[in-house]
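Source file: work18.csv. Holds: CSV, C-alpha atoms.
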```csv
chain,number,residue,atom,x,y,z
B,1,MET,CA,0.0,0.0,0.0
B,2,LYS,CA,1.3,3.4,-1.0
B,3,SER,CA,1.4,6.5,1.3
B,4,ALA,CA,1.9,10.2,0.8
B,5,SER,CA,5.7,9.8,1.3
B,6,ASN,CA,6.3,7.1,-1.3
B,7,PHE,CA,3.5,7.7,-3.7
B,8,LYS,CA,4.9,7.8,-7.3
B,9,ASP,CA,3.4,10.7,-9.2
B,10,GLN,CA,2.6,8.5,-12.3
B,11,VAL,CA,-1.1,9.3,-12.8
B,12,PHE,CA,-1.3,10.9,-16.2
B,13,THR,CA,-1.7,8.3,-19.0
B,14,SER,CA,-1.3,9.4,-22.5
B,15,PHE,CA,-3.2,7.9,-25.4
B,16,LYS,CA,-0.8,5.9,-27.5
B,17,GLU,CA,-3.2,5.4,-30.4
B,18,SER,CA,-4.0,8.1,-33.0
B,19,LEU,CA,-6.9,10.4,-32.0
B,20,ASN,CA,-7.5,11.6,-35.6
B,21,SER,CA,-10.9,9.9,-35.6
B,22,TYR,CA,-12.0,11.6,-32.4
B,23,THR,CA,-13.4,15.1,-32.1
B,24,ILE,CA,-11.7,17.0,-29.3
B,25,PRO,CA,-14.4,18.7,-27.1
B,26,GLU,CA,-14.6,22.5,-27.4
B,27,ARG,CA,-16.4,22.8,-24.1
B,28,PHE,CA,-16.2,20.6,-21.0
B,29,ALA,CA,-19.5,18.7,-20.6
B,30,SER,CA,-21.6,19.0,-17.5
B,31,PRO,CA,-20.5,16.3,-15.0
B,32,PHE,CA,-24.2,15.9,-14.2
B,33,GLY,CA,-24.8,14.6,-17.8
B,34,ASN,CA,-25.4,10.9,-18.7
B,35,GLU,CA,-23.6,10.4,-22.0
B,36,PRO,CA,-19.8,10.1,-21.9
B,37,HIS,CA,-17.8,11.6,-24.7
B,38,PRO,CA,-16.1,9.0,-27.0
B,39,LEU,CA,-12.7,10.0,-25.6
B,40,SER,CA,-13.9,9.3,-22.1
B,41,LEU,CA,-15.1,5.9,-23.3
B,42,LEU,CA,-11.6,5.2,-24.7
B,43,ALA,CA,-10.1,6.1,-21.3
B,44,VAL,CA,-12.8,4.0,-19.5
B,45,GLU,CA,-12.0,1.0,-21.7
B,46,LYS,CA,-8.3,1.2,-20.7
B,47,LEU,CA,-9.0,1.7,-17.0
B,48,GLN,CA,-11.5,-1.2,-16.9
B,49,SER,CA,-8.9,-3.5,-18.7
B,50,TYR,CA,-6.4,-2.5,-15.9
B,51,LEU,CA,-9.0,-3.3,-13.2
B,52,LEU,CA,-9.6,-6.7,-14.6
B,53,THR,CA,-5.9,-7.7,-14.8
B,54,GLN,CA,-3.9,-5.8,-12.2
B,55,GLN,CA,-2.2,-7.7,-9.4
B,56,GLU,CA,-0.9,-4.7,-7.3
B,57,TRP,CA,-3.7,-4.5,-4.7
B,58,ASP,CA,-6.6,-6.7,-3.5
B,59,HIS,CA,-10.1,-5.3,-3.2
B,60,ASN,CA,-13.3,-7.4,-2.9
B,61,PHE,CA,-15.6,-6.1,-5.6
B,62,GLY,CA,-17.7,-9.2,-5.2
B,63,PHE,CA,-17.2,-10.9,-8.5
B,64,SER,CA,-15.9,-14.3,-7.3
B,65,ARG,CA,-15.5,-14.1,-3.5
B,66,ASN,CA,-18.3,-14.4,-0.9
B,67,ASP,CA,-16.3,-13.1,2.1
B,68,GLU,CA,-17.4,-9.9,3.5
B,69,PRO,CA,-17.5,-7.0,3.0
B,70,VAL,CA,-18.3,-6.7,-0.7
B,71,ILE,CA,-17.4,-3.1,-1.7
B,72,GLY,CA,-18.3,-1.9,-5.2
B,73,LYS,CA,-16.6,1.3,-6.1
B,74,MET,CA,-17.2,4.4,-8.2
B,75,PHE,CA,-14.3,5.1,-10.6
B,76,GLY,CA,-13.8,8.1,-12.8
B,77,VAL,CA,-11.7,9.3,-15.7
B,78,LEU,CA,-10.9,12.8,-16.8
B,79,VAL,CA,-9.5,13.4,-20.3
B,80,VAL,CA,-7.1,16.3,-20.1
B,81,ARG,CA,-4.7,18.3,-22.3
B,82,THR,CA,-1.4,19.1,-20.7
B,83,GLU,CA,0.7,22.3,-20.9
B,84,ASP,CA,2.6,20.5,-23.7
B,85,PHE,CA,-0.6,19.9,-25.6
B,86,GLU,CA,-0.5,16.1,-24.9
B,87,ILE,CA,-3.9,14.5,-24.6
B,88,GLY,CA,-4.4,11.7,-22.1
B,89,TYR,CA,-6.4,10.9,-19.0
B,90,LEU,CA,-6.4,10.8,-15.2
B,91,ALA,CA,-8.1,8.1,-13.1
B,92,ALA,CA,-9.6,8.3,-9.6
B,93,PHE,CA,-11.7,6.2,-7.2
B,94,SER,CA,-14.2,7.4,-4.6
B,95,GLY,CA,-13.2,7.1,-1.0
B,96,LYS,CA,-10.5,4.5,-0.4
B,97,LEU,CA,-9.5,1.5,-2.5
B,98,ALA,CA,-8.1,-1.7,-1.0
B,99,GLY,CA,-8.0,0.2,2.4
B,100,GLY,CA,-5.7,2.9,1.1
B,101,ASN,CA,-5.7,6.4,-0.5
B,102,TYR,CA,-2.7,5.9,-2.7
B,103,HIS,CA,-2.3,3.6,-5.7
B,104,GLU,CA,-0.1,4.1,-8.7
B,105,GLY,CA,-2.1,5.2,-11.7
B,106,PHE,CA,-4.7,7.1,-9.6
B,107,VAL,CA,-4.8,10.7,-8.5
B,108,PRO,CA,-4.1,11.3,-4.8
B,109,PRO,CA,-6.8,12.3,-2.3
B,110,ILE,CA,-7.4,15.9,-1.6
B,111,PHE,CA,-6.8,15.2,2.1
B,112,ASP,CA,-5.3,12.0,3.6
B,113,GLY,CA,-7.2,11.5,6.8
B,114,VAL,CA,-5.4,8.2,7.6
B,115,GLU,CA,-1.9,9.6,7.4
B,116,GLU,CA,0.2,8.1,10.2
B,117,GLY,CA,0.7,10.5,13.0
B,118,GLY,CA,-1.9,12.9,11.6
B,119,PHE,CA,-4.3,14.9,13.8
B,120,LEU,CA,-7.3,12.7,12.8
B,121,ASN,CA,-5.6,9.5,14.1
B,122,ILE,CA,-4.7,11.4,17.3
B,123,GLY,CA,-8.3,12.7,17.6
B,124,MET,CA,-9.8,9.2,17.1
B,125,LEU,CA,-7.5,7.8,19.8
B,126,GLU,CA,-8.9,10.4,22.2
B,127,ILE,CA,-12.4,9.3,21.4
B,128,ALA,CA,-11.5,5.7,22.0
B,129,ARG,CA,-10.0,6.7,25.3
B,130,ILE,CA,-13.2,8.5,26.3
B,131,ASN,CA,-15.4,5.5,25.3
B,132,SER,CA,-13.2,3.2,27.4
B,133,GLU,CA,-13.6,5.5,30.4
B,134,ILE,CA,-17.4,5.6,29.9
B,135,LYS,CA,-17.6,1.8,29.7
B,136,LYS,CA,-15.7,1.4,33.0
B,137,LEU,CA,-17.9,4.0,34.7
B,138,GLU,CA,-21.1,2.3,33.5
B,139,LEU,CA,-20.2,-0.7,35.7
B,140,CYS,CA,-20.7,1.7,38.6
B,141,SER,CA,-24.3,2.7,39.5
B,142,SER,CA,-23.5,5.6,41.9
B,143,GLU,CA,-24.7,9.2,41.3
B,144,GLU,CA,-21.1,10.3,41.2
B,145,CYS,CA,-20.4,7.9,38.4
B,146,ASN,CA,-23.5,9.0,36.5
B,147,GLU,CA,-22.4,12.6,36.7
B,148,GLU,CA,-18.9,11.8,35.4
B,149,ILE,CA,-20.4,9.8,32.5
B,150,ALA,CA,-22.6,12.7,31.6
B,151,LEU,CA,-19.5,15.0,31.6
B,152,LEU,CA,-17.5,12.6,29.5
B,153,LYS,CA,-20.3,12.3,26.9
B,154,SER,CA,-20.6,16.0,26.7
B,155,TYR,CA,-16.8,16.3,26.2
B,156,ARG,CA,-16.9,13.5,23.6
B,157,LYS,CA,-19.6,15.4,21.6
B,158,LYS,CA,-17.6,18.6,21.6
B,159,HIS,CA,-14.4,16.8,20.7
B,160,SER,CA,-16.1,15.0,17.8
B,161,MET,CA,-17.6,18.2,16.4
B,162,SER,CA,-14.2,20.0,16.7
B,163,LEU,CA,-12.5,17.1,15.0
B,164,GLN,CA,-15.1,17.0,12.2
B,165,ASN,CA,-14.7,20.7,11.6
B,166,ALA,CA,-10.9,20.3,11.5
B,167,ILE,CA,-11.3,17.6,8.9
B,168,PHE,CA,-13.6,19.9,6.8
B,169,ASP,CA,-11.0,22.6,7.0
B,170,GLN,CA,-8.4,20.4,5.3
B,171,TYR,CA,-10.4,20.2,2.1
B,172,ASN,CA,-9.7,23.2,-0.1
B,173,PHE,CA,-10.8,23.1,-3.7
B,174,LEU,CA,-9.3,24.9,-6.7
B,175,ASN,CA,-10.9,26.1,-9.9
B,176,GLN,CA,-9.1,26.8,-13.2
B,177,ASN,CA,-8.2,30.3,-12.1
B,178,GLY,CA,-6.3,29.0,-9.0
B,179,GLU,CA,-9.0,30.3,-6.7
B,180,LYS,CA,-9.3,28.2,-3.5
B,181,MET,CA,-12.3,27.6,-1.4
B,182,SER,CA,-12.7,25.5,1.8
B,183,LEU,CA,-15.3,22.8,2.1
B,184,ARG,CA,-17.2,24.5,4.8
B,185,ASN,CA,-17.4,27.8,2.9
B,186,ILE,CA,-18.6,26.0,-0.2
B,187,PHE,CA,-21.5,24.4,1.6
B,188,GLU,CA,-22.3,27.5,3.7
B,189,ASN,CA,-22.7,29.4,0.4
B,190,ALA,CA,-25.0,26.6,-0.8
B,191,SER,CA,-27.1,27.0,2.3
B,192,TYR,CA,-26.1,23.7,3.9
B,193,LYS,CA,-25.8,23.6,7.7
B,194,ASN,CA,-22.7,21.3,7.4
B,195,PRO,CA,-21.1,19.4,4.5
B,196,PRO,CA,-22.4,15.9,4.2
B,197,ALA,CA,-20.1,13.0,5.3
B,198,GLY,CA,-17.7,12.0,2.6
B,199,ALA,CA,-17.9,15.3,0.7
B,200,GLY,CA,-14.7,15.8,-1.3
B,201,GLU,CA,-14.0,12.1,-1.5
B,202,CYS,CA,-15.8,11.4,-4.7
B,203,ALA,CA,-13.8,10.8,-8.0
B,204,ALA,CA,-14.9,14.0,-9.8
B,205,PRO,CA,-13.4,16.5,-7.3
B,206,LYS,CA,-10.2,14.5,-7.0
B,207,LEU,CA,-9.8,14.5,-10.8
B,208,LEU,CA,-10.4,18.2,-11.2
B,209,GLN,CA,-8.2,19.1,-8.3
B,210,TYR,CA,-5.2,17.2,-9.7
B,211,ALA,CA,-5.8,18.7,-13.2
B,212,PHE,CA,-5.9,22.3,-11.9
B,213,GLN,CA,-2.9,21.7,-9.6
B,214,ASN,CA,-0.9,20.5,-12.6
B,215,LYS,CA,-2.2,23.1,-15.2
B,216,MET,CA,-4.1,20.5,-17.2
B,217,GLN,CA,-7.1,21.5,-19.2
B,218,PRO,CA,-10.2,19.2,-18.5
B,219,LEU,CA,-11.8,18.0,-21.7
B,220,ALA,CA,-14.2,15.2,-20.8
B,221,MET,CA,-15.2,13.2,-17.7
B,222,ALA,CA,-17.0,9.9,-17.1
B,223,GLU,CA,-17.8,8.0,-13.9
B,224,PHE,CA,-18.8,4.3,-13.6
B,225,TRP,CA,-19.6,1.8,-11.0
B,226,TRP,CA,-17.4,-1.3,-10.7
B,227,GLY,CA,-18.4,-4.4,-8.7
B,228,MET,CA,-21.4,-5.5,-6.8
B,229,SER,CA,-23.5,-3.2,-4.7
B,230,PRO,CA,-24.1,-4.4,-1.1
B,231,LYS,CA,-26.8,-1.7,-0.3
B,232,SER,CA,-28.8,-0.6,-3.4
B,233,ASP,CA,-30.0,-1.9,-6.7
B,234,HIS,CA,-29.3,1.5,-8.1
B,235,TRP,CA,-25.6,0.8,-8.6
B,236,LYS,CA,-25.0,-1.6,-11.5
B,237,HIS,CA,-21.6,-3.0,-12.4
B,238,GLY,CA,-20.2,-1.2,-15.5
B,239,ASN,CA,-22.9,1.5,-15.6
B,240,PHE,CA,-22.2,5.2,-16.1
B,241,TYR,CA,-23.5,7.7,-13.5
B,242,PRO,CA,-23.5,11.5,-13.3
B,243,ALA,CA,-21.7,13.2,-10.5
B,244,CYS,CA,-23.8,13.0,-7.2
B,245,ARG,CA,-25.7,16.2,-6.5
B,246,GLU,CA,-25.8,16.0,-2.6
B,247,LYS,CA,-22.0,15.9,-2.1
B,248,CYS,CA,-20.6,17.1,-5.4
B,249,GLN,CA,-22.8,19.8,-6.9
B,250,PRO,CA,-21.8,22.6,-4.5
B,251,ILE,CA,-18.1,21.6,-4.8
B,252,LEU,CA,-18.2,21.3,-8.6
B,253,ALA,CA,-20.0,24.6,-8.9
B,254,HIS,CA,-16.9,26.3,-7.5
B,255,MET,CA,-14.4,24.1,-9.2
B,256,LEU,CA,-16.0,24.7,-12.7
B,257,SER,CA,-16.7,28.4,-12.2
B,258,GLY,CA,-15.4,30.5,-15.0
B,259,MET,CA,-15.3,27.6,-17.5
B,260,ASP,CA,-17.3,27.5,-20.7
B,261,LEU,CA,-19.5,24.4,-20.0
B,262,ASP,CA,-21.7,22.3,-22.2
B,263,GLU,CA,-24.7,22.1,-19.8
B,264,ARG,CA,-26.6,19.5,-21.8
B,265,LEU,CA,-27.6,16.6,-19.6
B,266,ASN,CA,-27.6,13.9,-22.2
```
Render the structure in this file as C-alpha cells.
Amino acid sequence: MKSASNFKDQVFTSFKESLNSYTIPERFASPFGNEPHPLSLLAVEKLQSYLLTQQEWDHNFGFSRNDEPVIGKMFGVLVVRTEDFEIGYLAAFSGKLAGGNYHEGFVPPIFDGVEEGGFLNIGMLEIARINSEIKKLELCSSEECNEEIALLKSYRKKHSMSLQNAIFDQYNFLNQNGEKMSLRNIFENASYKNPPAGAGECAAPKLLQYAFQNKMQPLAMAEFWWGMSPKSDHWKHGNFYPACREKCQPILAHMLSGMDLDERLN
C-alpha cells in the first residue's frame, strides 16, 4: 500500500493510439450529464482493462469471493490536455481503494485522513479513550459515576464536532483560475448547515483538483460503478452515472466556475 511519502506521481496516462478519428471537445461537458464523450469511453476502456488484470492490490468487488465485505466502487476518468498539448487521461476512485488512499495510476486524495501521526488519528485515539472510560464507569451505579459519565459524553460530543470541523478545513478546492475555497465555505454558500459525510472524497473533485494543480485542461469526464453493490440496486456494475448532487454539486459549482461548459444533460 502506498502512502503520501512514497506515492509515485505517475497518474497521467497518454493515449498511444491516433486520435484523428476523435473530435476534441470544445467545451467541458456538465459532469451531471449521462452520455460520456467518445474520448472518455476510450479512457474507461483502458481503466477497466487494468482493473480486470492488475495484481498490485486486492479489493473485494464481489465478483468471485463471498467473504465480507463486498465493496463496489465508483471510478472516474478525466480526459485532459497538458501544458505540452499532450492529450491523455487521469483516473480516480471514490473514498478508499483496498483500504488505502494511494495507488499508482490514480490521483491522490485531496486530504489524507489516515496519514500516520496525523491529527485525525490522534483525535480518534482520544475518542477511543473516552469511550473506554465511559464503559468502565457504566459498571458503577452511583450518582457520582453517572455525573462523570454525563460530563464525558458532553466532552466527547464537543471533541467529535471539533474534529469533524478540523477535517472539513483540510479540504480546499481549486478552480481553473487557481482560486481556492474551503469545504465549509462551499457548503455554507450553498445554504447547507454542514457538509455531508464523505464530501470531497468522490472521484470527480479529486480528478479536477489534480488537473488544476498541474495546469491540465479538463476535456471530458466519465464515472462508472465497478463491482457488486451491497446496499442498493441503483448501482449496477459497469454502468455510467452522473456526479452526485448532494455531495458534489456545490463543490463542482466552485471548481468549474469560469469555465465554458456544455450544460446538456444527455
>> Which residues are near B:Asn194? Cut-off 9 Å, all atoms listed in the file, ignore same chain within fewer than 4 positions. Put them as JSON, numbers by chain.
In response: {"B": [184, 187, 188]}
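Shell of stretch 40-55 of chain B at 7 Å, with all atoms listed in the file counted and residues fewer than 6 places along the chain excluded, is B:Val77, B:Val79, B:Tyr89, B:Ala220, B:Met221, B:Ala222.
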How would the residues just chosen look if you wrote them out with C-alpha atoms as a PDB file, in the frame of the given file?
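What landed in again_37.pdb:
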```
ATOM      1  CA  VAL B  77     -11.700   9.300 -15.700  1.00  0.00           C
ATOM      2  CA  VAL B  79      -9.500  13.400 -20.300  1.00  0.00           C
ATOM      3  CA  TYR B  89      -6.400  10.900 -19.000  1.00  0.00           C
ATOM      4  CA  ALA B 220     -14.200  15.200 -20.800  1.00  0.00           C
ATOM      5  CA  MET B 221     -15.200  13.200 -17.700  1.00  0.00           C
ATOM      6  CA  ALA B 222     -17.000   9.900 -17.100  1.00  0.00           C
TER       7      ALA B 222
END
```
>> With all atoms listed in the file as the counted atoms, please give the residues lying no more than 12 Å from B:Thr82, apart from itself and same-chain residues fewer than 2 positions off, as number ranges by chain.
In response: B: 12-14, 79-80, 84-90, 210-219
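Of note, atom CA of B:Ile149 and atom CA of B:Ala166 are spaced 25.3 Å apart.
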The centre and edge lengths of an axis-aligned box containing all atoms of stretch 68-81 of chain B present in the file, extended by 4 Å on each side, are to be given in Å to one decimal, as lines of an AutoDock Vina configuration file.
```
center_x = -11.5
center_y = 4.2
center_z = -9.4
size_x = 21.6
size_y = 36.2
size_z = 33.8
```
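Taking atom CA of B:Lys73 and atom CA of B:Pro250 as the two end points, the separation is 22.0 Å.
Distance annotation: of B:Met255, B:Met228, B:Ile167, B:Ala197, the residue with the minimal separation from B:Met181 is B:Met255; atom set is only C-alpha atoms.
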> Skipping near chain neighbours, those fewer than 4 positions away, what residues fall within 6 Å of stretch 237-241 of chain B using all atoms listed in the file, listed as a PyMOL selection string?
Replying inline: chain B and resi 223-227
> Within 12 Å of stretch 99-109 of chain B, counting all atoms listed in the file, which residues qualify if same-chain residues fewer than 6 places away don't, as a PyMOL selection string?
Replying inline: chain B and resi 1-14+46-47+50-51+54-60+69+71+75-78+89-93+115+170-173+198-211+213-214
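Atom CA of B:Gln164 to atom CA of B:Pro31 spans 27.7 Å [interatomic distance, one decimal].
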> Mind listing as a PyMOL selection string all residues within 12 Å of (-8.9, 11.8, 24.6), counting all atoms listed in the file?
Replying inline: chain B and resi 120-134+152-153+155-160+163
> Pick the closest to B:Gly258 from B:Gly33, B:Ser142, B:Phe28, B:Gly118: which is it, counting all atoms listed in the file?
Replying inline: B:Phe28
